[in-house]
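One structure below.
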Amino acid sequence: MECFDLAIVGGGAAGLFGAAVAAGRGLSVLLLERNGRCGKKIAITGKGRCNLTNTREWSEFSEHVHPKPNFFKSAFFGMSNKDTMAFFERMGLPLTVERGQRVFPASMRAQDVTDVLVARLKELGVPLCTGYRVVGASKVEDSVCGPVFKVEAKSSEDGGLRLFTARNLLIATGGLSYPATGSTGDGYLLAESFGHKIVPCFPSLTALVPLNYDISLSGISLKNVELSLYVNGTSVQTEFGEMDFTSDGIEGAAAIRLSRKAVAALDGKQKVAVSFDLKPAVSCEQLRLRIRREAAADIVIAKGGTSGLRALLRRLLPEALITPFMRANRDLSYENLPERLKAWRFALVSYVGYRRSVVTAGGVDLVGISPKTMGSKLVEGLYFAGEVLDLDGDTGGYNLQIAFSTAALAANNIGKR
């Protein structure tokens with residue numbers, strides 16, 4: 001039986017990238033992927049466009065990494081966002097930078113990211129064993145190879161078991177988010193079998209569900225909105241940008257950035273609410289002055305009442321938002337309108353689970369892993385990378401960079417050893 005230098009469990013972003021780096025260093029690499037093809041989750045990231053990194057410098061980038069950004073520092077500087085961009089461009093994938101310093105393939109096709117990685121692995125002769133779900137692994141003493149990992153995988157085609165052998169093992173199975181892509185927590189079970197602890201997981205970057213949600217809001221998108229998250233009446237986070245009302249609840253870039261703290265608070269049975277400032281560029285007093293000017297210039301507005309309010313709101317809000325806004329604020333008047341526009345509050349009662357969450361928070365406890373190598377402190381030769389770790393980022397390219405950097409650090413350390 002062939003003994004590989006490295007076996008990688010998981011053919012997602014971290015697994016593919018780690019395999020490319022390791023094989024590029026001359027290591028013999030085996031990649032095991034439970035799905036019939038690699039990169040299923042990559043294909044849906046960035047709404048199918050794949051926001052693969054963000055160009056911010058470390059001082060800003062680190063503010064978007066949770067829960068321990070300093071743990072990620074060595075990995076980031078070992079394979080920075082600029083290094084990642086250069087890596088893909090060398091493989092023939094042109095990139096473009098959009099608003100928010102987000103990096104995408106110039107083609108805006110997420111599949112192109114997977115394709116160049118898979119092509120690189122084939123070029124390097126890396127066997128891609130797709131359709132094999134790893135069901136167990138252990139470290140043993142081999143009479144020929146010395147200390148090795150025995151990896152047992154089950155074929156999705158015939159249910160048969162195969163045994164693979166490698167001197168090093170990298171677990172890059174992802175988390176629990178989007179289980180339809182194969183992320184069902186296999187990596188946590190493997191980690192526990194080697195003695196590692198798992199920090200309780202929860203969905204992050206997901207839709208938030210308000211109390212008595214008005215489904216007529218679904219389909220409305222807003223730009224330049226300020227959102228504030230309240231836990232037990234105290235403001236704990238504020239975000240600015242885009243948000244969407246969907247059939248699932250409140251989403252969009254600004255909204256889902258609040259979700260990590262919102263989900264944790266909801267799971268903790270705390271009172272959680274989100275407040276929208278629909279006019280963040282002006283104060284309540286400036287809005288009050290504008291209402292007076294509009295009333296002075298428009299007879300319908302000057303008469304007041306429901307028709308006057310509706311006519312005024314047409315000057316202030318998108319048409320589709322007016323009826324739901326008035327329905328939610330039944331005591332609306334010219335006097336309280338500025339405050340309502342600046343603080344439209346929604347009590348939150350739930351959130352959308354892993355089926356739609358972008359990333360999993362929690363995972364393999366960082367206490368048991370070396371930040372300098374991504375290697376296990378408990379088992380020599382065992383490594384972790386990507387979402388399986390208790391390490392996650394905000395929306396905007398941060399999570400894929402975490403996957404690339406941690407995988408590269410592990411692969412390079414194995415190459416040095």
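Every chain in the structure tokens has a letter given in the order shown (A, B, ...), and although residue numbers restart at 1 in each chain, ligands are simply numbered from 1 in the order shown.
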Name all residues at most 10 Å from Ala253 in chain A (count only C-alpha atoms; drop same-chain ones fewer than 4 positions away) and give them as a ChimeraX atom specification. /A:205-206,239-244,257-258,394-396
Residues of range 212-362 of chain A in strand (DSSP E), written as a PyMOL selection string: chain A and resi 221-231+234-245+250-251+272-277+344-351+359-362
Atoms kept (N, CA and C atoms) for selection, written as a short mmCIF file (atom, residue, chain, number, x, y, z; two decimals), in the first residue's frame:
data_model
loop_
_atom_site.label_atom_id
_atom_site.label_comp_id
_atom_site.auth_asym_id
_atom_site.auth_seq_id
_atom_site.Cartn_x
_atom_site.Cartn_y
_atom_site.Cartn_z
N SER A 221 -34.96 45.53 -1.10
CA SER A 221 -33.54 45.71 -0.79
C SER A 221 -33.27 47.18 -0.52
N LEU A 222 -32.46 47.45 0.46
CA LEU A 222 -32.13 48.82 0.84
C LEU A 222 -30.63 49.02 0.83
N LYS A 223 -30.21 50.20 0.44
CA LYS A 223 -28.79 50.56 0.47
C LYS A 223 -28.57 51.71 1.44
N ASN A 224 -27.33 51.81 1.92
CA ASN A 224 -26.96 52.92 2.81
C ASN A 224 -27.86 53.01 4.03
N VAL A 225 -28.04 51.87 4.68
CA VAL A 225 -28.83 51.79 5.90
C VAL A 225 -27.90 51.50 7.07
N GLU A 226 -28.21 52.06 8.22
CA GLU A 226 -27.43 51.76 9.42
C GLU A 226 -28.25 50.83 10.31
N LEU A 227 -27.68 49.70 10.67
CA LEU A 227 -28.37 48.71 11.49
C LEU A 227 -27.65 48.59 12.83
N SER A 228 -28.42 48.58 13.90
CA SER A 228 -27.86 48.41 15.24
C SER A 228 -28.48 47.20 15.91
N LEU A 229 -27.64 46.39 16.53
CA LEU A 229 -28.10 45.21 17.23
C LEU A 229 -28.17 45.52 18.73
N TYR A 230 -29.31 45.17 19.33
CA TYR A 230 -29.53 45.39 20.75
C TYR A 230 -29.70 44.05 21.46
N VAL A 231 -28.98 43.87 22.54
CA VAL A 231 -29.12 42.69 23.38
C VAL A 231 -29.48 43.15 24.79
N THR A 234 -29.33 46.93 25.23
CA THR A 234 -28.07 47.65 25.05
C THR A 234 -27.54 47.44 23.64
N SER A 235 -27.13 48.51 23.00
CA SER A 235 -26.56 48.42 21.65
C SER A 235 -25.18 47.75 21.74
N VAL A 236 -25.00 46.65 20.97
CA VAL A 236 -23.74 45.91 21.03
C VAL A 236 -22.97 45.92 19.71
N GLN A 237 -23.63 46.33 18.63
CA GLN A 237 -22.94 46.35 17.33
C GLN A 237 -23.74 47.19 16.35
N THR A 238 -23.03 47.95 15.53
CA THR A 238 -23.67 48.76 14.50
C THR A 238 -22.97 48.52 13.17
N GLU A 239 -23.73 48.35 12.12
CA GLU A 239 -23.19 48.12 10.77
C GLU A 239 -23.88 49.05 9.78
N PHE A 240 -23.17 49.39 8.72
CA PHE A 240 -23.70 50.27 7.68
C PHE A 240 -23.55 49.58 6.33
N GLY A 241 -24.58 49.73 5.49
CA GLY A 241 -24.47 49.17 4.15
C GLY A 241 -25.79 48.69 3.61
N GLU A 242 -25.75 47.54 2.92
CA GLU A 242 -26.92 47.01 2.25
C GLU A 242 -27.64 45.98 3.12
N MET A 243 -28.94 45.90 2.96
CA MET A 243 -29.72 44.87 3.64
C MET A 243 -30.89 44.46 2.76
N ASP A 244 -31.33 43.23 2.95
CA ASP A 244 -32.43 42.69 2.16
C ASP A 244 -33.49 42.09 3.07
N PHE A 245 -34.73 42.29 2.70
CA PHE A 245 -35.83 41.55 3.31
C PHE A 245 -36.10 40.36 2.39
N ILE A 250 -34.41 38.90 7.68
CA ILE A 250 -33.54 40.03 7.39
C ILE A 250 -32.16 39.52 7.00
N GLU A 251 -31.72 39.88 5.80
CA GLU A 251 -30.42 39.43 5.29
C GLU A 251 -29.67 40.62 4.70
N VAL A 272 -33.34 40.12 22.07
CA VAL A 272 -32.54 40.61 20.95
C VAL A 272 -33.43 41.41 20.00
N ALA A 273 -32.90 42.53 19.53
CA ALA A 273 -33.64 43.36 18.57
C ALA A 273 -32.66 44.01 17.62
N VAL A 274 -33.16 44.40 16.46
CA VAL A 274 -32.35 45.15 15.50
C VAL A 274 -33.11 46.41 15.15
N SER A 275 -32.39 47.52 15.06
CA SER A 275 -32.99 48.82 14.75
C SER A 275 -32.40 49.34 13.45
N PHE A 276 -33.29 49.79 12.53
CA PHE A 276 -32.85 50.33 11.25
C PHE A 276 -32.89 51.85 11.29
N ASP A 277 -31.80 52.47 10.92
CA ASP A 277 -31.79 53.90 10.66
C ASP A 277 -31.88 54.05 9.15
N TRP A 344 -36.33 52.24 13.28
CA TRP A 344 -37.39 51.26 13.02
C TRP A 344 -36.93 49.95 13.64
N ARG A 345 -37.59 49.55 14.70
CA ARG A 345 -37.09 48.46 15.54
C ARG A 345 -37.85 47.15 15.28
N PHE A 346 -37.10 46.06 15.23
CA PHE A 346 -37.66 44.72 15.07
C PHE A 346 -37.15 43.83 16.20
N ALA A 347 -38.05 43.27 16.97
CA ALA A 347 -37.65 42.25 17.94
C ALA A 347 -37.32 40.97 17.18
N LEU A 348 -36.24 40.32 17.53
CA LEU A 348 -35.83 39.09 16.85
C LEU A 348 -36.21 37.88 17.70
N VAL A 349 -36.70 36.85 17.04
CA VAL A 349 -37.11 35.65 17.78
C VAL A 349 -36.35 34.40 17.34
N SER A 350 -35.71 34.47 16.16
CA SER A 350 -35.04 33.28 15.67
C SER A 350 -34.06 33.66 14.56
N TYR A 351 -33.51 32.64 13.95
CA TYR A 351 -32.58 32.82 12.85
C TYR A 351 -32.66 31.59 11.95
N VAL A 359 -21.40 30.49 7.11
CA VAL A 359 -20.25 29.88 7.79
C VAL A 359 -20.68 29.36 9.15
N THR A 360 -19.87 28.44 9.68
CA THR A 360 -20.10 27.89 11.01
C THR A 360 -19.17 28.56 12.01
N ALA A 361 -19.72 29.09 13.08
CA ALA A 361 -18.91 29.59 14.18
C ALA A 361 -18.72 28.45 15.18
N GLY A 362 -17.61 28.47 15.92
CA GLY A 362 -17.27 27.34 16.77
C GLY A 362 -16.49 26.32 15.96
#
Which residues are near range 82-84 of chain A? Cut-off 8 Å, only C-alpha atoms, ignore same chain within fewer than 4 positions. Put them as a PyMOL selection string. chain A and resi 53+55+88+401+404
Which residue, A:Arg99, A:Arg355, A:Arg133, A:Lys68, has the smallest gap to Val9 in chain A when you use only C-alpha atoms?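 Using only C-alpha atoms, the shortest distance to Val9 in chain A belongs to A:Arg133.
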Could the residues of range 173-288 of chain A that have an atom at most 12 Å from range 25-49 of chain A be listed as JSON lines, each with its closest atom pair and the distance in Å to one decimal, counting only C-alpha atoms and ordered by chain and ascending residue number?
{"residue": "A:Thr173", "atom": "CA", "partner": "A:Glu33", "partner_atom": "CA", "distance": 8.5}
{"residue": "A:Gly174", "atom": "CA", "partner": "A:Lys41", "partner_atom": "CA", "distance": 9.4}
{"residue": "A:Gly175", "atom": "CA", "partner": "A:Lys41", "partner_atom": "CA", "distance": 11.1}
{"residue": "A:Leu176", "atom": "CA", "partner": "A:Lys41", "partner_atom": "CA", "distance": 11.4}
{"residue": "A:Ser177", "atom": "CA", "partner": "A:Lys41", "partner_atom": "CA", "distance": 9.4}
{"residue": "A:Tyr178", "atom": "CA", "partner": "A:Lys41", "partner_atom": "CA", "distance": 7.6}
{"residue": "A:Pro179", "atom": "CA", "partner": "A:Lys41", "partner_atom": "CA", "distance": 9.4}
{"residue": "A:Ala180", "atom": "CA", "partner": "A:Lys41", "partner_atom": "CA", "distance": 8.8}
{"residue": "A:Thr181", "atom": "CA", "partner": "A:Lys40", "partner_atom": "CA", "distance": 5.6}
{"residue": "A:Gly182", "atom": "CA", "partner": "A:Asn35", "partner_atom": "CA", "distance": 6.6}
{"residue": "A:Ser183", "atom": "CA", "partner": "A:Lys41", "partner_atom": "CA", "distance": 8.7}
{"residue": "A:Thr184", "atom": "CA", "partner": "A:Arg34", "partner_atom": "CA", "distance": 10.7}
{"residue": "A:Asp186", "atom": "CA", "partner": "A:Arg34", "partner_atom": "CA", "distance": 10.0}
{"residue": "A:Gly187", "atom": "CA", "partner": "A:Arg34", "partner_atom": "CA", "distance": 11.8}
{"residue": "A:Gly252", "atom": "CA", "partner": "A:Lys47", "partner_atom": "CA", "distance": 11.4}
{"residue": "A:Ala253", "atom": "CA", "partner": "A:Gly46", "partner_atom": "CA", "distance": 10.8}
Based on the selection just made, write C-alpha atoms of those residues as a PDB file, in the first residue's frame.
ATOM      1  CA  THR A 173     -13.782  19.129   6.095  1.00  0.00           C
ATOM      2  CA  GLY A 174     -15.522  22.467   6.634  1.00  0.00           C
ATOM      3  CA  GLY A 175     -18.220  23.016   9.251  1.00  0.00           C
ATOM      4  CA  LEU A 176     -21.977  22.500   9.309  1.00  0.00           C
ATOM      5  CA  SER A 177     -23.188  25.315   7.060  1.00  0.00           C
ATOM      6  CA  TYR A 178     -24.899  24.405   3.783  1.00  0.00           C
ATOM      7  CA  PRO A 179     -25.101  20.659   4.582  1.00  0.00           C
ATOM      8  CA  ALA A 180     -26.308  20.032   1.039  1.00  0.00           C
ATOM      9  CA  THR A 181     -22.702  20.641  -0.047  1.00  0.00           C
ATOM     10  CA  GLY A 182     -21.430  17.875   2.228  1.00  0.00           C
ATOM     11  CA  SER A 183     -20.667  19.908   5.341  1.00  0.00           C
ATOM     12  CA  THR A 184     -22.142  17.702   8.035  1.00  0.00           C
ATOM     13  CA  ASP A 186     -17.387  14.869   9.890  1.00  0.00           C
ATOM     14  CA  GLY A 187     -14.257  16.782  10.823  1.00  0.00           C
ATOM     15  CA  GLY A 252     -27.924  41.375   3.193  1.00  0.00           C
ATOM     16  CA  ALA A 253     -24.304  42.236   3.928  1.00  0.00           C
TER      17      ALA A 253
END
I want to know what sits within 12 Å of Ala119 in chain A, based on only C-alpha atoms, with residues of the same chain fewer than 3 positions away left out; could you give that as a PDB file with C-alpha atoms, in the first residue's frame?
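Output file out.pdb follows:
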ATOM      1  CA  LEU A  16      -7.792  22.049  -2.535  1.00  0.00           C
ATOM      2  CA  PHE A  17      -5.540  24.970  -1.679  1.00  0.00           C
ATOM      3  CA  ALA A  19      -3.085  20.153  -1.647  1.00  0.00           C
ATOM      4  CA  ALA A  20      -1.821  22.586  -4.300  1.00  0.00           C
ATOM      5  CA  CYS A  38     -14.612  18.925  -5.315  1.00  0.00           C
ATOM      6  CA  PHE A  88      -4.465  32.482  -8.424  1.00  0.00           C
ATOM      7  CA  MET A  91      -2.516  29.789 -12.255  1.00  0.00           C
ATOM      8  CA  GLY A  92      -4.186  31.849 -14.963  1.00  0.00           C
ATOM      9  CA  LEU A  93      -7.199  33.210 -13.085  1.00  0.00           C
ATOM     10  CA  ASP A 112     -13.505  29.039 -12.250  1.00  0.00           C
ATOM     11  CA  VAL A 113     -11.847  29.118  -8.819  1.00  0.00           C
ATOM     12  CA  THR A 114     -12.457  25.396  -8.327  1.00  0.00           C
ATOM     13  CA  ASP A 115     -11.459  24.626 -11.902  1.00  0.00           C
ATOM     14  CA  VAL A 116      -8.017  26.235 -11.675  1.00  0.00           C
ATOM     15  CA  LYS A 122      -3.999  17.187 -11.875  1.00  0.00           C
ATOM     16  CA  GLU A 123      -0.921  18.878 -13.290  1.00  0.00           C
ATOM     17  CA  LEU A 124       0.954  17.975 -10.082  1.00  0.00           C
ATOM     18  CA  GLY A 125      -0.312  14.408 -10.181  1.00  0.00           C
ATOM     19  CA  VAL A 126      -2.412  14.572  -7.028  1.00  0.00           C
ATOM     20  CA  PRO A 127      -4.993  11.750  -6.915  1.00  0.00           C
ATOM     21  CA  LEU A 128      -8.488  13.138  -6.210  1.00  0.00           C
TER      22      LEU A 128
END
Please return as a PyMOL selection string: the residues of range 128-339 of chain A that backbone DSSP assigns to helix (DSSP H, G or I). chain A and resi 179-181+186-193+215-217+253-257+259-267+284-297+299-303+305-313+319-328+337-339
Top pick for closest residue to Glu387 in chain A, considering A:Leu317, A:Val151, A:Ile171, A:Leu287 and counting only C-alpha atoms: A:Ile171
Spatial neighbours of Gly249 in chain A, max dist 8 Å, only C-alpha atoms, sep filter under 4 positions, as a PyMOL selection string: chain A and resi 207-210+213+218+245+351
Which of these, A:Tyr398, A:Ser107, A:Phe202, A:Lys377, has the shortest distance to Glu60 in chain A once you count only C-alpha atoms?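 For Glu60 in chain A, the nearest of the given residues is A:Tyr398.
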Arg102 in chain A surroundings by only C-alpha atoms, 6 Å radius, close-in-sequence under 3 positions cut, as a PyMOL selection string: chain A and resi 54+97-98+396
Limited to N, CA and C atoms, could you put the picked residues into a file as a compact mmCIF listing (two decimals), in the first residue's frame?
# COMPACT_ATOMS: atom_id res chain seq x y z
N ASN A 54 -10.06 39.60 0.52
CA ASN A 54 -10.28 41.03 0.70
C ASN A 54 -8.91 41.68 0.81
N VAL A 97 -11.10 43.70 -8.27
CA VAL A 97 -11.42 44.19 -6.92
C VAL A 97 -12.65 45.09 -7.00
N GLU A 98 -13.64 44.78 -6.18
CA GLU A 98 -14.88 45.55 -6.18
C GLU A 98 -14.99 46.39 -4.90
N GLY A 396 -17.37 39.14 3.10
CA GLY A 396 -16.48 40.06 2.40
C GLY A 396 -15.17 39.45 1.97
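Nearest residue to Gly375 in chain A among A:Leu169, A:Val148, A:Ala13, A:Ala302 is A:Leu169, counting only C-alpha atoms.
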Check the smallest atom-to-atom distance from each of A:Ala403, A:Ile198, A:Ala410, A:Met374 to Phe71 in chain A using only C-alpha atoms, then report the winner. A:Met374
If you count only C-alpha atoms, which residues fall within 7 Å of Ala408 in chain A, apart from same-chain ones fewer than 2 positions away, as a PyMOL selection string? chain A and resi 17-18+21+79+404-406+410-412
